[in-house]
$ cat start23.csv   # CSV, C-alpha atoms and all ligand atoms
chain,number,residue,atom,x,y,z
A,27,MET,CA,66.6,126.8,104.7
A,28,GLY,CA,63.0,125.6,104.9
A,29,LYS,CA,63.0,123.7,101.6
A,30,THR,CA,62.5,120.0,100.7
A,31,ILE,CA,65.2,118.4,98.7
A,32,ILE,CA,65.2,114.9,97.3
A,33,LEU,CA,68.6,113.4,96.2
A,34,VAL,CA,68.2,110.5,93.8
A,35,GLY,CA,71.3,108.4,93.8
A,36,CYS,CA,73.8,108.6,96.7
A,37,GLY,CA,76.9,107.1,95.0
A,38,ASN,CA,80.2,108.9,94.4
A,39,MET,CA,78.9,112.2,93.1
A,40,GLY,CA,75.6,112.4,95.0
A,41,TYR,CA,77.2,111.7,98.3
A,42,ALA,CA,80.0,114.1,97.6
A,43,MET,CA,77.5,116.9,97.1
A,44,LEU,CA,75.5,115.8,100.1
A,45,LYS,CA,78.6,115.9,102.3
A,46,GLY,CA,79.4,119.5,101.1
A,47,TRP,CA,75.8,120.7,101.9
A,48,LEU,CA,75.8,119.2,105.4
A,49,ALA,CA,79.4,120.3,106.2
A,50,ALA,CA,78.5,123.9,105.3
A,51,GLY,CA,75.3,123.8,107.3
A,52,LYS,CA,73.3,124.6,104.2
A,53,LEU,CA,70.5,122.3,105.2
A,54,LYS,CA,69.3,120.3,108.2
A,55,ALA,CA,68.9,116.5,107.9
A,56,GLY,CA,65.1,116.9,108.0
A,57,GLU,CA,65.1,119.1,104.8
A,58,ILE,CA,66.5,116.3,102.6
A,59,ALA,CA,65.5,112.8,101.7
A,60,VAL,CA,67.6,110.3,99.7
A,61,VAL,CA,66.6,107.6,97.3
A,62,GLU,CA,69.2,105.0,96.9
A,63,PRO,CA,68.6,101.2,96.2
A,64,ASN,CA,72.0,100.1,97.5
A,65,GLU,CA,71.7,99.5,101.2
A,66,THR,CA,75.3,100.2,102.1
A,67,LEU,CA,75.2,103.5,100.3
A,68,ARG,CA,71.8,104.4,101.8
A,69,SER,CA,73.2,103.8,105.3
A,70,ARG,CA,75.7,106.6,104.7
A,71,ALA,CA,72.8,109.1,104.4
A,72,VAL,CA,71.0,107.5,107.4
A,73,SER,CA,74.2,108.0,109.5
A,74,HIS,CA,73.6,111.7,109.1
A,75,GLY,CA,70.0,111.4,110.4
A,76,ILE,CA,68.6,111.6,106.8
A,77,HIS,CA,65.5,109.7,105.7
A,78,ALA,CA,66.7,107.4,103.0
A,79,ALA,CA,64.4,105.3,100.8
A,80,ALA,CA,65.2,102.3,98.6
A,81,ALA,CA,62.7,103.5,96.0
A,82,PRO,CA,60.6,106.6,95.3
A,83,GLU,CA,57.4,105.0,96.5
A,84,GLU,CA,58.9,104.8,100.0
A,85,LEU,CA,59.5,108.5,100.2
A,86,GLU,CA,57.7,110.3,103.1
A,87,ALA,CA,57.7,113.7,101.2
A,88,SER,CA,54.7,114.5,99.1
A,89,THR,CA,56.1,117.8,97.8
A,90,ALA,CA,59.6,118.8,96.9
A,91,ASP,CA,61.3,122.1,96.0
A,92,LEU,CA,64.3,120.4,94.4
A,93,VAL,CA,64.9,116.9,93.0
A,94,VAL,CA,68.6,116.1,92.3
A,95,PHE,CA,69.4,113.3,89.9
A,96,ALA,CA,72.8,111.8,90.6
A,97,VAL,CA,72.4,108.4,88.7
A,98,LYS,CA,74.2,107.2,85.7
A,99,PRO,CA,73.3,108.8,82.4
A,100,GLN,CA,72.1,105.4,81.1
A,101,MET,CA,69.5,105.2,83.9
A,102,ILE,CA,67.9,108.6,83.5
A,103,ARG,CA,65.1,107.5,81.2
A,104,ASP,CA,64.1,104.7,83.7
A,105,VAL,CA,64.6,106.7,86.9
A,106,VAL,CA,63.2,110.2,86.2
A,107,PRO,CA,59.5,109.5,85.4
A,108,ALA,CA,58.7,108.5,89.0
A,109,TYR,CA,59.5,112.1,90.1
A,110,ARG,CA,57.1,113.7,87.7
A,111,ARG,CA,54.6,113.8,90.6
A,112,PHE,CA,56.7,116.6,92.2
A,113,MET,CA,55.7,119.0,89.4
A,114,PRO,CA,54.9,121.8,89.1
A,115,ASP,CA,56.6,122.9,92.4
A,116,ALA,CA,59.9,121.2,92.0
A,117,THR,CA,63.0,122.3,90.1
A,118,PHE,CA,64.9,119.3,88.7
A,119,LEU,CA,68.7,119.3,88.9
A,120,SER,CA,70.7,116.7,87.0
A,121,VAL,CA,74.4,116.0,87.2
A,122,ALA,CA,74.3,113.2,84.6
A,123,ALA,CA,77.1,113.6,82.0
A,124,GLY,CA,76.0,114.3,78.5
A,125,THR,CA,72.3,114.2,79.3
A,126,SER,CA,70.6,117.2,77.7
A,127,ILE,CA,67.8,119.4,78.9
A,128,ALA,CA,65.9,118.2,75.8
A,129,THR,CA,66.1,114.6,77.2
A,130,PHE,CA,64.6,115.7,80.5
A,131,GLU,CA,61.9,117.8,78.7
A,132,ASP,CA,61.1,114.6,76.6
A,133,ILE,CA,60.6,112.7,79.9
A,134,LEU,CA,59.0,115.3,82.1
A,135,GLY,CA,57.4,117.7,79.5
A,136,THR,CA,58.4,121.1,78.4
A,137,ASP,CA,56.8,122.7,81.5
A,138,ALA,CA,59.5,121.2,83.7
A,139,ALA,CA,62.0,123.5,85.3
A,140,ILE,CA,65.4,121.8,84.7
A,141,ILE,CA,69.0,122.7,85.6
A,142,ARG,CA,71.9,120.7,84.3
A,143,CYS,CA,74.9,120.8,86.5
A,144,MET,CA,78.4,119.5,86.0
A,145,PRO,CA,80.0,119.1,89.4
A,146,ASN,CA,83.2,117.4,90.5
A,147,THR,CA,84.1,115.3,93.5
A,148,PRO,CA,86.0,118.0,95.4
A,149,ALA,CA,82.5,119.2,96.0
A,150,ALA,CA,82.6,117.0,99.1
A,151,ILE,CA,85.0,119.4,100.8
A,152,GLY,CA,83.7,122.6,99.3
A,153,GLU,CA,86.4,122.8,96.7
A,154,GLY,CA,84.5,121.6,93.6
A,155,VAL,CA,83.4,123.6,90.6
A,156,MET,CA,79.7,123.4,89.8
A,157,VAL,CA,78.8,124.5,86.3
A,158,LEU,CA,75.1,125.2,85.5
A,159,PHE,CA,72.9,125.5,82.5
A,160,ALA,CA,69.1,126.0,83.1
A,161,ASN,CA,66.1,126.0,80.9
A,162,ALA,CA,63.7,129.0,80.7
A,163,ARG,CA,61.2,127.4,83.1
A,164,VAL,CA,63.6,127.8,86.1
A,165,ARG,CA,62.4,130.8,88.1
A,166,PRO,CA,64.9,133.3,89.4
A,167,GLU,CA,64.2,132.4,93.0
A,168,ALA,CA,64.9,128.7,92.2
A,169,ARG,CA,68.2,129.7,90.4
A,170,GLU,CA,69.2,131.6,93.5
A,171,PHE,CA,68.3,128.8,95.8
A,172,VAL,CA,70.2,126.2,93.8
A,173,SER,CA,73.3,128.6,93.4
A,174,ASP,CA,73.3,129.2,97.1
A,175,LEU,CA,73.0,125.4,97.9
A,176,LEU,CA,75.8,124.5,95.5
A,177,SER,CA,78.1,127.3,96.8
A,178,ALA,CA,78.6,124.8,99.7
A,179,ASN,CA,80.3,122.6,97.1
A,180,GLY,CA,82.7,125.2,95.7
A,181,ALA,CA,82.7,127.7,92.9
A,182,VAL,CA,79.5,128.0,90.9
A,183,ALA,CA,79.7,129.0,87.3
A,184,THR,CA,77.1,129.1,84.4
A,185,VAL,CA,77.3,128.6,80.7
A,186,GLU,CA,75.0,130.3,78.3
A,187,ASP,CA,75.3,127.6,75.6
A,188,GLU,CA,74.3,124.1,76.6
A,189,ALA,CA,76.7,122.6,74.0
A,190,LEU,CA,79.6,123.8,76.2
A,191,MET,CA,78.7,121.3,78.9
A,192,ASP,CA,80.6,118.6,77.0
A,193,ALA,CA,83.8,120.6,77.2
A,194,VAL,CA,83.1,121.5,80.8
A,195,THR,CA,82.6,117.8,81.6
A,196,ALA,CA,86.0,117.0,79.9
A,197,VAL,CA,87.9,119.7,81.8
A,198,SER,CA,86.4,120.0,85.3
A,199,GLY,CA,84.0,117.0,85.6
A,200,SER,CA,86.6,114.4,84.8
A,201,GLY,CA,89.5,116.7,85.7
A,202,PRO,CA,90.1,115.6,89.3
A,203,ALA,CA,90.9,112.1,87.9
A,204,TYR,CA,93.6,113.5,85.7
A,205,LEU,CA,95.2,115.2,88.8
A,206,PHE,CA,94.8,112.1,90.9
A,207,HIS,CA,96.6,110.2,88.2
A,208,PHE,CA,99.3,112.9,88.1
A,209,ILE,CA,99.8,112.4,91.8
A,210,GLU,CA,100.1,108.6,91.3
A,211,CYS,CA,102.7,109.2,88.6
A,212,LEU,CA,104.7,111.7,90.6
A,213,MET,CA,104.7,109.3,93.6
A,214,ALA,CA,105.8,106.4,91.5
A,215,ALA,CA,108.6,108.5,89.8
A,216,GLY,CA,109.7,109.7,93.3
A,217,GLU,CA,110.0,106.1,94.5
A,218,GLU,CA,112.0,105.2,91.4
A,219,ALA,CA,114.3,108.1,92.2
A,220,GLY,CA,115.0,106.5,95.6
A,221,LEU,CA,112.5,108.1,98.0
A,222,PRO,CA,110.7,105.9,100.6
A,223,ALA,CA,107.0,105.4,99.6
A,224,GLU,CA,105.6,107.6,102.4
A,225,THR,CA,108.0,110.4,101.6
A,226,ALA,CA,107.2,110.3,97.9
A,227,ARG,CA,103.5,110.4,98.8
A,228,LEU,CA,103.8,113.4,101.0
A,229,LEU,CA,106.0,115.3,98.5
A,230,ALA,CA,103.7,114.6,95.5
A,231,MET,CA,100.5,115.4,97.4
A,232,GLN,CA,101.7,118.6,99.1
A,233,THR,CA,103.4,119.9,95.9
A,234,ILE,CA,100.2,119.5,93.9
A,235,TYR,CA,98.2,121.1,96.6
A,236,GLY,CA,100.6,123.9,97.2
A,237,ALA,CA,101.1,124.7,93.5
A,238,ALA,CA,97.3,124.7,92.9
A,239,ALA,CA,96.7,127.0,95.9
A,240,LEU,CA,99.5,129.4,94.8
A,241,ALA,CA,98.1,129.4,91.2
A,242,LYS,CA,94.6,130.1,92.5
A,243,THR,CA,95.5,132.8,95.1
A,244,SER,CA,98.4,134.7,93.6
A,245,GLY,CA,96.6,136.0,90.6
A,246,GLU,CA,99.8,135.3,88.6
A,247,ASP,CA,99.6,133.6,85.2
A,248,PRO,CA,100.5,129.9,85.6
A,249,ALA,CA,103.2,130.4,82.9
A,250,ARG,CA,104.8,133.1,85.0
A,251,LEU,CA,104.7,130.9,88.2
A,252,ARG,CA,106.4,128.1,86.2
A,253,GLU,CA,109.1,130.5,85.1
A,254,GLN,CA,109.7,131.5,88.7
A,255,VAL,CA,110.6,127.8,89.5
A,256,THR,CA,112.8,127.4,86.4
A,257,SER,CA,116.4,128.5,86.8
A,258,PRO,CA,118.2,128.7,83.5
A,259,GLY,CA,120.2,125.5,83.0
A,260,GLY,CA,118.8,124.1,86.3
A,261,THR,CA,116.9,121.0,87.4
A,262,THR,CA,113.4,122.3,86.4
A,263,ALA,CA,114.5,123.2,82.9
A,264,ALA,CA,115.8,119.7,82.5
A,265,ALA,CA,112.5,118.2,83.6
A,266,LEU,CA,110.4,120.6,81.5
A,267,SER,CA,112.4,119.8,78.4
A,268,VAL,CA,110.9,116.3,78.8
A,269,LEU,CA,107.4,117.5,79.5
A,270,MET,CA,107.2,120.4,77.1
A,271,GLY,CA,109.5,119.2,74.4
A,272,GLU,CA,107.5,118.7,71.2
A,273,ASP,CA,104.5,119.9,73.3
A,274,ARG,CA,104.3,116.3,74.8
A,275,LEU,CA,102.1,117.1,77.9
A,276,LYS,CA,100.1,119.6,76.0
A,277,SER,CA,99.3,117.1,73.2
A,278,LEU,CA,98.4,114.4,75.7
A,279,MET,CA,96.1,116.8,77.6
A,280,ARG,CA,94.5,117.9,74.3
A,281,GLU,CA,93.9,114.3,73.4
A,282,ALA,CA,92.6,113.4,76.8
A,283,VAL,CA,90.1,116.3,76.9
A,284,ALA,CA,89.0,115.6,73.3
A,285,ALA,CA,88.4,111.9,74.2
A,286,ALA,CA,86.3,112.9,77.3
A,287,LYS,CA,84.3,115.5,75.3
A,288,LYS,CA,83.6,113.0,72.6
A,289,ARG,CA,82.4,110.5,75.2
A,290,SER,CA,80.2,113.1,76.8
A,291,ILE,CA,78.6,113.8,73.4
A,292,GLU,CA,78.1,110.0,72.8
A,293,LEU,CA,76.4,109.7,76.3
A,294,GLY,CA,73.9,112.3,75.2
A,295,ALA,CA,73.1,110.8,71.9
B,301,LIG,N1,81.8,110.6,89.8
B,301,LIG,C1,82.1,111.8,89.3
B,301,LIG,O1,83.2,112.4,89.5
B,301,LIG,C2,81.1,112.6,88.6
B,301,LIG,C3,79.9,112.0,88.2
B,301,LIG,N2,79.0,112.8,87.5
B,301,LIG,C4,77.7,112.2,87.1
B,301,LIG,O2,77.1,111.8,88.3
B,301,LIG,C5,76.2,110.7,88.0
B,301,LIG,C6,76.5,109.6,89.1
B,301,LIG,O3,77.8,109.1,88.9
B,301,LIG,P1,78.6,108.4,90.1
B,301,LIG,O4,78.1,109.0,91.4
B,301,LIG,O5,80.0,108.5,89.7
B,301,LIG,O6,78.0,107.0,90.0
B,301,LIG,P2,77.7,105.9,91.1
B,301,LIG,O7,77.4,104.6,90.5
B,301,LIG,O8,78.7,106.0,92.2
B,301,LIG,O9,76.3,106.5,91.7
B,301,LIG,C7,75.1,106.3,91.1
B,301,LIG,C8,74.1,105.8,92.2
B,301,LIG,O10,72.8,105.7,91.7
B,301,LIG,C9,72.2,104.6,92.4
B,301,LIG,N3,71.0,104.2,91.7
B,301,LIG,C10,70.8,103.2,90.8
B,301,LIG,N4,69.5,103.1,90.4
B,301,LIG,C11,68.9,104.1,91.1
B,301,LIG,C12,67.5,104.4,91.2
B,301,LIG,N5,66.5,103.8,90.5
B,301,LIG,N6,67.2,105.4,92.1
B,301,LIG,C13,68.1,106.0,92.8
B,301,LIG,N7,69.4,105.7,92.8
B,301,LIG,C14,69.8,104.7,92.0
B,301,LIG,C15,73.3,103.6,92.4
B,301,LIG,O11,73.0,102.6,93.4
B,301,LIG,C16,74.5,104.4,92.7
B,301,LIG,O12,74.8,104.5,94.1
B,301,LIG,C17,76.5,110.2,86.6
B,301,LIG,O13,75.4,110.6,85.8
B,301,LIG,C18,77.8,110.9,86.2
B,301,LIG,O14,77.8,111.3,84.9
B,301,LIG,C19,79.2,114.1,87.1
B,301,LIG,C20,80.3,114.7,87.5
B,301,LIG,C21,81.4,114.0,88.2
B,302,LIG,O1,83.3,109.6,84.1
B,302,LIG,C1,82.2,110.1,84.0
B,302,LIG,O2,81.5,109.8,83.0
B,302,LIG,C2,81.7,111.0,85.0
B,302,LIG,C3,81.3,112.4,84.4
B,302,LIG,C4,82.4,113.3,84.8
B,302,LIG,C5,83.2,112.6,85.8
B,302,LIG,N1,82.7,111.4,86.0

$ encode --input "start23.csv" --output "structure tokens" --more "lines below"
Ligand SMILES: NC(=O)C1=CN([C@@H]2O[C@H](COP(=O)(O)OP(=O)(O)OC[C@H]3O[C@@H](n4cnc5c(N)ncnc54)[C@H](O)[C@@H]3O)[C@@H](O)[C@H]2O)C=CC1
Ligand SMILES: O=C(O)[C@@H]1CCC=N1
Amino acid sequence: MGKTIILVGCGNMGYAMLKGWLAAGKLKAGEIAVVEPNETLRSRAVSHGIHAAAAPEELEASTADLVVFAVKPQMIRDVVPAYRRFMPDATFLSVAAGTSIATFEDILGTDAAIIRCMPNTPAAIGEGVMVLFANARVRPEAREFVSDLLSANGAVATVEDEALMDAVTAVSGSGPAYLFHFIECLMAAGEEAGLPAETARLLAMQTIYGAAALAKTSGEDPARLREQVTSPGGTTAAALSVLMGEDRLKSLMREAVAAAKKRSIELGA
């Protein structure tokens, strides 16, 4: 690839993205450096042969093409100024929920090339969805480079209106947690219905995986796929009358997504 990337923060999301890049062979260990104050987390990067620093002053790189911020939104104002020295060459990519381009421009100046990205943790296995919004300072070559890098993490999409990033965060950024909880609930219900724990786990996991894969690959509307499972007067109809009666699950999902969107807006305030 021949570029220099600095990953700032190698926690849950930063490391998930890094794993996706390395697994897809998008970059060599020598093309990326990590800044992470936590020694245990830093050692994960070191185990891949990557130079990992506890603080930006310890970085060996004097130039960078891309600086990726994967720290908590509340830390952005403290962390970002140390990377101003990589301007004007660097493009800055932030995955921080709620944190606007305007906040970065306030810290780095309006000359800075900034891309907001809302990823999700399946990025680690190339099955994430990475949603981008860039400011006008990002050059076309930099956009292409970032899109190509992130394609190792899964689908890459863009929004034209930055305000949509809060809804994106609520649907796909936080979304994996909803599905993990759904798996937990289906496992627990399976056990209560009499299945051994290991069987309930296998059935819940493979059913979610298989249904998602079928929904994605078949091109069928999810409602049509649901109907194909639902025999009139059968078992599925009995269960769906619980989930869909009075729009129960739909209302819950609407409330959950609205709560996440509201929190994303608050984080950016
Ligand atoms: N976890 C997720 O599923 C997603 C997280 N995000 C965003 O990713 C960002 C990181 O979230 P997580 O990875 O979940 O949190 P995390 O707490 O696992 O990772 C943040 C990392 O930043 C490190 N850090 C703290 N101070 C630092 C500094 N001065 N320089 C460099 N690194 C420093 C921490 O030691 C920690 O490892 C947040 O802004 C969040 O909104 C976005 C989408 C999904
Ligand atoms: O919970 C959060 O705030 C972050 C953003 C999206 C997923 N995790």

$ atom_distance --input "start23.csv" --atom1 "atom O1 of ligand LIG 301 (chain B)" --atom2 "atom CA of A:Asp192"
14.2 Å

$ closest_residue --input "start23.csv" --among "A:Ala203, A:Ile76, A:Ala71, A:Ile127" --to "ligand LIG 301 (chain B)" --atoms "all atoms listed in the file"
A:Ala203

$ atom_distance --input "start23.csv" --atom1 "atom CA of A:Gly216" --atom2 "atom CA of A:Glu281"
25.8 Å

$ residues_around --input "start23.csv" --residues "stretch 103-115 of chain A" --least-positions-apart "3" --cutoff "6 Å" --atoms "all atoms listed in the file" --output "number ranges by chain"
A: 89-91

$ residues_near_ligand --input "start23.csv" --ligand "ligand LIG 302 (chain B)" --cutoff "7 Å" --atoms "all atoms listed in the file" --output "compact mmCIF listing (two decimals) with C-alpha atoms, in the coordinates of the input"
# COMPACT_ATOMS: atom_id res chain seq x y z
CA ALA A 123 77.10 113.60 82.00
CA ASN A 146 83.20 117.40 90.50
CA THR A 195 82.60 117.80 81.60
CA GLY A 199 84.00 117.00 85.60
CA SER A 200 86.60 114.40 84.80

$ residues_near_point --input "start23.csv" --point "(85.1, 125.8, 91.0)" --cutoff "7 Å" --atoms "all atoms listed in the file" --output "list of chain:residue names"
A:Glu153, A:Gly154, A:Val155, A:Met156, A:Gly180, A:Ala181, A:Val182

$ residues_near_ligand --input "start23.csv" --ligand "ligand LIG 301 (chain B)" --cutoff "6 Å" --atoms "only C-alpha atoms and all ligand atoms" --output "list in words"
Val34, Gly35, Cys36, Gly37, Asn38, Met39, Gly40, Val61, Glu62, Pro63, Asn64, Ala96, Val97, Lys98, Pro99, Val105, Val121, Ala122, Ala123, Met144, Pro145, Asn146, Thr147 and Gly199 of chain A

$ atom_distance --input "start23.csv" --atom1 "atom CA of A:Leu228" --atom2 "atom CA of A:Gln254"
22.7 Å

$ residues_around --input "start23.csv" --residues "A:Ser126" --least-positions-apart "5" --cutoff "12 Å" --atoms "only C-alpha atoms" --output "ChimeraX atom specification"
/A:99,102-103,119-121,131-133,140-144,159-161,187-192,290-295

$ closest_residue --input "start23.csv" --among "A:Leu176, A:Leu158, A:Ala87, A:Ala79" --to "A:Met43" --atoms "only C-alpha atoms"
A:Leu176

$ residues_around --input "start23.csv" --residues "A:Ile58" --least-positions-apart "6" --cutoff "9 Å" --atoms "all atoms listed in the file" --output "list in words"
Lys29, Thr30, Ile31, Ile32, Leu33, Ile76, His77 and Ala78 of chain A

$ closest_residue --input "start23.csv" --among "A:Ala214, A:Ala285, A:Ala241, A:Ala139" --to "A:Leu92" --atoms "all atoms listed in the file"
A:Ala139

$ closest_residue --input "start23.csv" --among "A:Leu67, A:Gly51, A:Gly152, A:Val60" --to "A:Phe95" --atoms "all atoms listed in the file"
A:Val60

$ closest_residue --input "start23.csv" --among "A:Gln100, A:Ser267, A:Ser177, A:Gln232" --to "A:Ile209" --atoms "only C-alpha atoms"
A:Gln232

$ build_atoms --input "start23.csv" --residues "stretch 142-156 of chain A" --atoms "N, CA and C atoms" --output "short mmCIF file (atom, residue, chain, number, x, y, z; two decimals), keeping the file's coordinate frame"
data_model
loop_
_atom_site.label_atom_id
_atom_site.label_comp_id
_atom_site.auth_asym_id
_atom_site.auth_seq_id
_atom_site.Cartn_x
_atom_site.Cartn_y
_atom_site.Cartn_z
N ARG A 142 70.81 121.66 84.41
CA ARG A 142 71.90 120.70 84.30
C ARG A 142 73.08 121.27 85.06
N CYS A 143 73.76 120.37 85.76
CA CYS A 143 74.90 120.80 86.50
C CYS A 143 76.06 119.83 86.26
N MET A 144 77.24 120.33 86.01
CA MET A 144 78.40 119.50 86.00
C MET A 144 79.28 119.78 87.17
N PRO A 145 79.23 118.89 88.17
CA PRO A 145 80.00 119.10 89.40
C PRO A 145 81.33 118.33 89.28
N ASN A 146 82.11 118.32 90.34
CA ASN A 146 83.20 117.40 90.50
C ASN A 146 83.38 116.96 91.91
N THR A 147 84.10 115.87 92.16
CA THR A 147 84.10 115.30 93.50
C THR A 147 84.69 116.15 94.62
N PRO A 148 85.60 117.10 94.32
CA PRO A 148 86.00 118.00 95.40
C PRO A 148 84.87 118.75 96.04
N ALA A 149 83.69 118.64 95.45
CA ALA A 149 82.50 119.20 96.00
C ALA A 149 82.27 118.74 97.48
N ALA A 150 82.77 117.55 97.79
CA ALA A 150 82.60 117.00 99.10
C ALA A 150 83.25 117.86 100.20
N ILE A 151 84.33 118.57 99.82
CA ILE A 151 85.00 119.40 100.80
C ILE A 151 84.93 120.90 100.45
N GLY A 152 83.90 121.22 99.65
CA GLY A 152 83.70 122.60 99.30
C GLY A 152 84.68 123.20 98.35
N GLU A 153 85.41 122.34 97.63
CA GLU A 153 86.40 122.80 96.70
C GLU A 153 86.17 122.35 95.26
N GLY A 154 84.90 122.05 94.98
CA GLY A 154 84.50 121.60 93.60
C GLY A 154 84.29 122.83 92.73
N VAL A 155 83.92 122.54 91.49
CA VAL A 155 83.40 123.60 90.60
C VAL A 155 82.12 123.05 90.00
N MET A 156 81.05 123.84 90.15
CA MET A 156 79.70 123.40 89.80
C MET A 156 79.26 124.30 88.61
#
